[in-house]
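Notes follow once the structure below has been shown.
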Amino acid sequence: MIIVFKPHTPEEKINEVSNMIVQLGYEPRVIRGVEHTVIGAVGDEKIHRSLEIFKSFPCVEDVIPIQKRYKLASREYHEADSIVMIGSEKIGAGNFQVIAGPCAIESREQLRQVTKDVKTSGVKILRGGAFKPRTSPYDFQGLGEEGLKLLKEVKEEFNIPVVTEVLGVTHVKQVAEVADCLQIGARNCQNYHLLEHVANAGRPVLLKRGMATTVEEWLSAAEYLVVHGCPNVILCERGIRTFETATRSTLDLGAVAVAKKETHLPVIVDPSHAAGKVDLVLPLARAAVAVGADGIIVETHPDPVNASSDAAQQIPSAKFADFMGALKPIIDAMKKK
Ligand code: PEP
Ligand code: MN
C-alpha cells in the first residue's frame, strides 16, 4: 500500500502514521517530494490488517493498493497458461473449444436434435440450462430436475460432456452429479457463498463475468473458487451493462485481452448473450477468437422461433455447421487446436 499525504502535512502527523504502520505489522518507507510525502508500507496485506483505515485520516489524501486482490489466479503466481478439462476435452494453452447447445433444456426431442446437430458440426462440449435464472418470475424457469435427467440421458447416449448452470447452494450436489462443468451465471458471479460451495463440488467451473463487475472483481471471484479448492476455473466474458441498447449487452473484448494477460486460467466468450440477436453472434464470435479467447459458448436450438427462452439469439441447430465453418479460418489464423 502507498499512503499519500496531503500537501504540507506536518512532520509529527507523518511520524504518527508511520508509527501506526509499524504497529500494524508493516515496514514504512517514507519518500519526501516537494509538496507531497508518501509512505510505502511494505508487507503482505493478506496476513496483516488492512491499511485502508488511513483513508479516514484528515492528513491523508489517498491510500493506493499495490498488491492484486487475486493471487492464485494470477500470472504472477503461475506464468504458463493452464489447461482445464471438461470431460476429456481440453480448454486453454492453445486448445480452443466451441461449447454449444440450447439456452434451456425443453424436451427430450429438442435436446436430442440439438445434440445431434452440434456433434455432427464438430462440437465436443454440450451446454443446456436445467435451472434458468430469468428476469421475470412469470417466464419459463427451466425444467429443473427433469431437465437434469434429460441432460444425463443425452450425455450418455451421445457420449458428450456437458456444462449446465447451478443457481443455488441447494442444487450444487444434484447438478454436479450430471454436469462435467458447473456454470456460474452472470447474476451469481459475486455470490461468494455459492462460489465456496461450488468450489467443493469436485467439478471444473465456468465462471461468467457479472453484468457490472470489473475485471478485478471477476478475477477475485475466480480466486474464491481456486482458494476454496477448485483450480479448474474457466472465465467467461458475456457482455456488460452500458448505455448501448443496440446489443443486449456490450461485449467487452478489451476485458478478454486484459484477463488473458492477468490470469493463467482459460478465458472464453459468450457471444450469444452479448449479442441478443442471432445475426450478431457470428461476428462477435469471430472477434472473440481474434482477441485471443480460448473458446466460445454459443446458444443453438432446433426451432429458435418457438424456443422457451432467448429465442432471438439462438442459431438454428441445422445451420450450426455453417457457423463452425465461418469460424474456422479465424481459429486457424490464431493457430489454435
Ligand atoms: C446462460 O448462459 O444460460 C445464461 C443465463 O447466461 P448469463 O448468466 O451470462 O446471463
Ligand atoms: Mn440464454
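For the C-alpha cells, the naming scheme is as follows: chains receive sequential letters (A, B, ...) according to their order of presentation, residues are indexed from 1 within each chain, and ligands are indexed from 1 in presentation order.
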Exercise. Which residues sit within 8 Å of ligand 2, counting only C-alpha atoms and all ligand atoms, listed as number ranges by chain?
Worked result: A: 102-104, 272-273, 299, 309-310
Atoms kept (N, CA and C atoms) for selection, written as a PDB file, in the first residue's frame:
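Resulting contents of selection-v6.pdb:
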```
ATOM      1  N   PRO A 102     -28.646 -25.559 -26.404  1.00  0.00           N
ATOM      2  CA  PRO A 102     -29.761 -24.629 -26.223  1.00  0.00           C
ATOM      3  C   PRO A 102     -29.606 -23.760 -24.980  1.00  0.00           C
ATOM      4  N   CYS A 103     -30.304 -22.637 -24.980  1.00  0.00           N
ATOM      5  CA  CYS A 103     -30.363 -21.817 -23.768  1.00  0.00           C
ATOM      6  C   CYS A 103     -30.902 -22.704 -22.652  1.00  0.00           C
ATOM      7  N   ALA A 104     -32.094 -23.266 -22.895  1.00  0.00           N
ATOM      8  CA  ALA A 104     -32.730 -24.113 -21.876  1.00  0.00           C
ATOM      9  C   ALA A 104     -33.060 -25.483 -22.454  1.00  0.00           C
ATOM     10  N   SER A 272     -23.520 -15.058 -27.609  1.00  0.00           N
ATOM     11  CA  SER A 272     -24.980 -15.124 -27.723  1.00  0.00           C
ATOM     12  C   SER A 272     -25.668 -14.144 -26.783  1.00  0.00           C
ATOM     13  N   HIS A 273     -25.290 -14.181 -25.484  1.00  0.00           N
ATOM     14  CA  HIS A 273     -25.939 -13.294 -24.518  1.00  0.00           C
ATOM     15  C   HIS A 273     -25.482 -11.850 -24.689  1.00  0.00           C
ATOM     16  N   GLU A 299     -25.386 -20.347 -28.001  1.00  0.00           N
ATOM     17  CA  GLU A 299     -26.723 -20.944 -27.904  1.00  0.00           C
ATOM     18  C   GLU A 299     -27.253 -21.335 -29.285  1.00  0.00           C
ATOM     19  N   SER A 309     -36.921 -19.720 -24.182  1.00  0.00           N
ATOM     20  CA  SER A 309     -36.129 -18.598 -23.653  1.00  0.00           C
ATOM     21  C   SER A 309     -35.111 -18.177 -24.703  1.00  0.00           C
ATOM     22  N   ASP A 310     -34.754 -16.914 -24.694  1.00  0.00           N
ATOM     23  CA  ASP A 310     -33.721 -16.357 -25.589  1.00  0.00           C
ATOM     24  C   ASP A 310     -33.899 -16.756 -27.057  1.00  0.00           C
TER      25      ASP A 310
END
```
Problem set entry | Selection near region 3-18 of chain A, 6 Å with only C-alpha atoms, sequence-local residues under 4 positions removed, as JSON, numbers by chain | {"A": [35, 36, 37, 38, 39, 59, 60, 61, 62, 63]}
Write the residues you've just listed into a file as a compact mmCIF listing (two decimals), in the first residue's frame, and include N, CA, C and O atoms for each of them.
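Below is the file that was written, selection-v4.txt:
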```
# COMPACT_ATOMS: atom_id res chain seq x y z
N GLU A 35 6.02 18.73 -2.63
CA GLU A 35 4.77 19.06 -1.93
C GLU A 35 4.23 17.88 -1.15
O GLU A 35 3.78 18.02 -0.02
N HIS A 36 4.26 16.70 -1.81
CA HIS A 36 3.65 15.52 -1.20
C HIS A 36 4.70 14.62 -0.55
O HIS A 36 5.78 14.45 -1.07
N THR A 37 4.29 14.05 0.58
CA THR A 37 5.09 12.97 1.16
C THR A 37 4.27 11.71 1.02
O THR A 37 3.04 11.74 1.19
N VAL A 38 4.93 10.61 0.66
CA VAL A 38 4.21 9.33 0.61
C VAL A 38 4.96 8.31 1.47
O VAL A 38 6.17 8.43 1.68
N ILE A 39 4.19 7.35 2.00
CA ILE A 39 4.82 6.23 2.70
C ILE A 39 4.46 4.95 1.96
O ILE A 39 3.28 4.68 1.71
N CYS A 59 -5.22 14.05 7.32
CA CYS A 59 -3.96 14.43 6.65
C CYS A 59 -3.65 13.53 5.44
O CYS A 59 -2.70 13.80 4.70
N VAL A 60 -4.46 12.47 5.24
CA VAL A 60 -4.17 11.52 4.15
C VAL A 60 -5.04 11.83 2.94
O VAL A 60 -6.25 11.97 3.05
N GLU A 61 -4.37 11.92 1.76
CA GLU A 61 -5.11 12.20 0.53
C GLU A 61 -5.64 10.90 -0.09
O GLU A 61 -6.76 10.85 -0.57
N ASP A 62 -4.79 9.86 -0.08
CA ASP A 62 -5.23 8.61 -0.71
C ASP A 62 -4.42 7.44 -0.16
O ASP A 62 -3.29 7.61 0.31
N VAL A 63 -5.03 6.27 -0.25
CA VAL A 63 -4.34 5.02 0.10
C VAL A 63 -4.47 4.12 -1.13
O VAL A 63 -5.58 3.79 -1.54
```
Can you build me a table of chain A residues sitting at most 7 Å from ligand 1, with the closest atom pair per residue and its distance in Å to one decimal, using only C-alpha atoms and all ligand atoms, sorted by chain and residue number, as JSON lines?
```
{"residue": "A:Cys103", "atom": "CA", "partner": "ligand 1", "partner_atom_place_in_ligand_line": "3 (O)", "distance": 5.2}
{"residue": "A:Gly129", "atom": "CA", "partner": "ligand 1", "partner_atom_place_in_ligand_line": "3 (O)", "distance": 5.8}
{"residue": "A:Lys132", "atom": "CA", "partner": "ligand 1", "partner_atom_place_in_ligand_line": "5 (C)", "distance": 6.4}
{"residue": "A:Pro133", "atom": "CA", "partner": "ligand 1", "partner_atom_place_in_ligand_line": "5 (C)", "distance": 5.9}
{"residue": "A:Glu165", "atom": "CA", "partner": "ligand 1", "partner_atom_place_in_ligand_line": "3 (O)", "distance": 6.9}
{"residue": "A:Ile184", "atom": "CA", "partner": "ligand 1", "partner_atom_place_in_ligand_line": "8 (O)", "distance": 7.0}
{"residue": "A:Gly185", "atom": "CA", "partner": "ligand 1", "partner_atom_place_in_ligand_line": "8 (O)", "distance": 3.3}
{"residue": "A:Ala186", "atom": "CA", "partner": "ligand 1", "partner_atom_place_in_ligand_line": "8 (O)", "distance": 3.8}
{"residue": "A:Arg187", "atom": "CA", "partner": "ligand 1", "partner_atom_place_in_ligand_line": "8 (O)", "distance": 5.9}
{"residue": "A:Lys208", "atom": "CA", "partner": "ligand 1", "partner_atom_place_in_ligand_line": "9 (O)", "distance": 5.8}
{"residue": "A:Arg238", "atom": "CA", "partner": "ligand 1", "partner_atom_place_in_ligand_line": "9 (O)", "distance": 5.3}
{"residue": "A:His273", "atom": "CA", "partner": "ligand 1", "partner_atom_place_in_ligand_line": "9 (O)", "distance": 6.0}
```
For this session: Write out as a PyMOL selection string the residues lying within 7 Å of region 189-196 of chain A, counting only C-alpha atoms and excluding same-chain residues fewer than 6 positions away.
Result: chain A and resi 168-169+207-210+221+224-225+228
Problem set entry | All residues 6 Å or closer to Ala275 (chain A), only C-alpha atoms, same chain fewer than 3 positions away omitted, as a PyMOL selection string | chain A and resi 247-248+271-272+280-281
Just N, CA, C and O atoms for this one: save the residues we selected as a CSV table (one decimal), in the first residue's frame.
```csv
chain,number,residue,atom,x,y,z
A,247,THR,N,-27.2,-3.7,-28.8
A,247,THR,CA,-26.9,-5.1,-28.5
A,247,THR,C,-27.5,-5.4,-27.1
A,247,THR,O,-27.7,-4.4,-26.3
A,248,ARG,N,-27.7,-6.6,-26.8
A,248,ARG,CA,-28.4,-7.0,-25.5
A,248,ARG,C,-27.4,-6.5,-24.3
A,248,ARG,O,-27.8,-6.0,-23.3
A,271,PRO,N,-20.8,-15.1,-27.1
A,271,PRO,CA,-21.3,-14.0,-28.0
A,271,PRO,C,-22.8,-14.0,-28.0
A,271,PRO,O,-23.4,-13.0,-28.4
A,272,SER,N,-23.5,-15.1,-27.6
A,272,SER,CA,-25.0,-15.1,-27.7
A,272,SER,C,-25.7,-14.1,-26.8
A,272,SER,O,-26.5,-13.4,-27.2
A,280,LEU,N,-25.9,-11.2,-35.1
A,280,LEU,CA,-24.7,-10.6,-34.5
A,280,LEU,C,-23.8,-11.7,-33.8
A,280,LEU,O,-22.6,-11.3,-33.4
A,281,VAL,N,-24.3,-12.9,-33.7
A,281,VAL,CA,-23.5,-13.9,-32.9
A,281,VAL,C,-22.2,-14.2,-33.7
A,281,VAL,O,-21.1,-14.3,-33.0
```
Problem set entry | All residues 9 Å or closer to Thr242 (chain A), only C-alpha atoms, same chain fewer than 5 positions away omitted, as a list of chain:residue names |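 Contacts, in chain order: A:Ala212, A:Ser249, A:Thr250.
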Limited to N, CA, C and O atoms, could you put the picked residues into a file as a PDB file, in the first residue's frame?
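Contents of result_8.pdb, freshly written:
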```
ATOM      1  N   ALA A 212     -22.071  -6.187 -14.154  1.00  0.00           N
ATOM      2  CA  ALA A 212     -21.495  -4.936 -13.649  1.00  0.00           C
ATOM      3  C   ALA A 212     -20.271  -5.202 -12.782  1.00  0.00           C
ATOM      4  O   ALA A 212     -20.009  -4.479 -11.826  1.00  0.00           O
ATOM      5  N   SER A 249     -26.128  -6.830 -24.525  1.00  0.00           N
ATOM      6  CA  SER A 249     -25.085  -6.369 -23.600  1.00  0.00           C
ATOM      7  C   SER A 249     -23.913  -5.921 -24.455  1.00  0.00           C
ATOM      8  O   SER A 249     -23.852  -6.262 -25.630  1.00  0.00           O
ATOM      9  N   THR A 250     -22.988  -5.192 -23.862  1.00  0.00           N
ATOM     10  CA  THR A 250     -21.823  -4.748 -24.631  1.00  0.00           C
ATOM     11  C   THR A 250     -20.697  -5.753 -24.428  1.00  0.00           C
ATOM     12  O   THR A 250     -20.209  -5.923 -23.302  1.00  0.00           O
TER      13      THR A 250
END
```
Problem set entry | 8 Å contact set for Gly292 (chain A), only C-alpha atoms, chain neighbours under 2 positions out, as number ranges by chain | A: 256-257, 260, 288-290, 294, 334
Exercise. Val42 (chain A): which residues within 9 Å, counting only C-alpha atoms, same-chain residues fewer than 2 positions away excluded, as a list in words?
Worked result: Met1, Ile2, Tyr26, Glu27, Pro28, Arg29, Gly40, Asp44 and Glu45 of chain A
Export, as a CSV table (one decimal), in the first residue's frame, the selected residues with N, CA, C and O atoms.
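Wrote it out as out-v8.csv, contents follow:
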```csv
chain,number,residue,atom,x,y,z
A,1,MET,N,0.8,-1.2,0.0
A,1,MET,CA,0.0,0.0,0.0
A,1,MET,C,0.9,1.2,0.0
A,1,MET,O,1.9,1.3,0.6
A,2,ILE,N,0.4,2.3,-0.7
A,2,ILE,CA,1.1,3.6,-0.7
A,2,ILE,C,0.1,4.5,0.0
A,2,ILE,O,-1.0,4.7,-0.4
A,26,TYR,N,3.7,-3.7,9.3
A,26,TYR,CA,4.4,-3.3,8.0
A,26,TYR,C,5.6,-2.5,8.3
A,26,TYR,O,5.8,-1.9,9.4
A,27,GLU,N,6.5,-2.5,7.2
A,27,GLU,CA,7.7,-1.6,7.3
A,27,GLU,C,7.4,-0.3,6.5
A,27,GLU,O,7.2,-0.4,5.3
A,28,PRO,N,7.5,0.8,7.2
A,28,PRO,CA,7.2,2.1,6.4
A,28,PRO,C,8.4,2.6,5.7
A,28,PRO,O,9.5,2.6,6.3
A,29,ARG,N,8.3,3.0,4.5
A,29,ARG,CA,9.4,3.7,3.8
A,29,ARG,C,8.9,5.0,3.3
A,29,ARG,O,8.0,5.2,2.5
A,40,GLY,N,5.5,4.2,1.6
A,40,GLY,CA,5.2,2.9,1.0
A,40,GLY,C,5.3,1.9,2.2
A,40,GLY,O,6.2,1.8,2.9
A,44,ASP,N,2.9,-8.1,3.6
A,44,ASP,CA,1.8,-8.8,2.9
A,44,ASP,C,0.4,-8.5,3.5
A,44,ASP,O,0.1,-8.8,4.7
A,45,GLU,N,-0.4,-7.8,2.7
A,45,GLU,CA,-1.7,-7.4,3.1
A,45,GLU,C,-2.6,-8.6,3.4
A,45,GLU,O,-3.6,-8.4,4.1
```
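One finds CA of Glu89 (chain A) at 17.5 Å from CA of Val154 (chain A).
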Problem set entry | Of the listed residues A:Asn95, A:Gln141, A:Thr164, A:Gln23, that which approaches Asp332 (chain A) most closely, counting only C-alpha atoms |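 Looking only at the distances to Asp332 (chain A), the closest residue turns out to be A:Asn95.
Here CA of Asn306 (chain A) is placed at a distance of 26.6 Å from CA of Val178 (chain A).
Backbone DSSP of region 241-298 of chain A yields strand (DSSP E) at A:Val267, A:Ile268, A:Val269, A:Gly295, A:Ile296, A:Ile297, A:Val298.
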For those residues, write N, CA and C atoms to a file as a short mmCIF file (atom, residue, chain, number, x, y, z; two decimals), in the first residue's frame.
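Below is the file that was written, out-v7.cif:
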```
data_model
loop_
_atom_site.label_atom_id
_atom_site.label_comp_id
_atom_site.auth_asym_id
_atom_site.auth_seq_id
_atom_site.Cartn_x
_atom_site.Cartn_y
_atom_site.Cartn_z
N VAL A 267 -9.82 -18.25 -20.78
CA VAL A 267 -10.85 -17.21 -20.87
C VAL A 267 -11.65 -17.46 -22.14
N ILE A 268 -12.96 -17.61 -21.99
CA ILE A 268 -13.81 -17.82 -23.17
C ILE A 268 -14.83 -16.69 -23.27
N VAL A 269 -15.58 -16.70 -24.38
CA VAL A 269 -16.55 -15.63 -24.64
C VAL A 269 -17.90 -16.23 -24.97
N GLY A 295 -12.01 -20.09 -26.19
CA GLY A 295 -13.20 -20.83 -26.61
C GLY A 295 -14.39 -19.90 -26.65
N ILE A 296 -15.51 -20.44 -27.09
CA ILE A 296 -16.76 -19.68 -27.04
C ILE A 296 -17.86 -20.61 -26.55
N ILE A 297 -18.91 -20.03 -26.00
CA ILE A 297 -20.09 -20.81 -25.60
C ILE A 297 -21.28 -20.16 -26.31
N VAL A 298 -21.97 -20.96 -27.13
CA VAL A 298 -22.97 -20.42 -28.06
C VAL A 298 -24.31 -21.14 -27.88
#
```
Exercise. Of the candidates A:Gly87, A:Asn200, A:Phe96, A:Gly229, which shows the shortest atom-to-atom distance to Ala179 (chain A), using only C-alpha atoms?
Worked result: A:Gly87
Exercise. Between A:Phe57, A:Ala222, A:Asn232, A:Gly239, which one has atoms that come closest to Tyr70 (chain A), using only C-alpha atoms?
Worked result: A:Ala222
For this session: Just give me the gap between CA of Glu157 (chain A) and CA of Gln174 (chain A) in Å, one decimal is fine.
Result: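 So the answer is 19.9 Å.
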Problem set entry | Residue list (alpha helix (DSSP H), DSSP) for region 194-326 of chain A, as a VMD selection string | chain A and resid 194 to 199 215 to 227 253 to 262 271 to 275 278 to 291 320 to 326
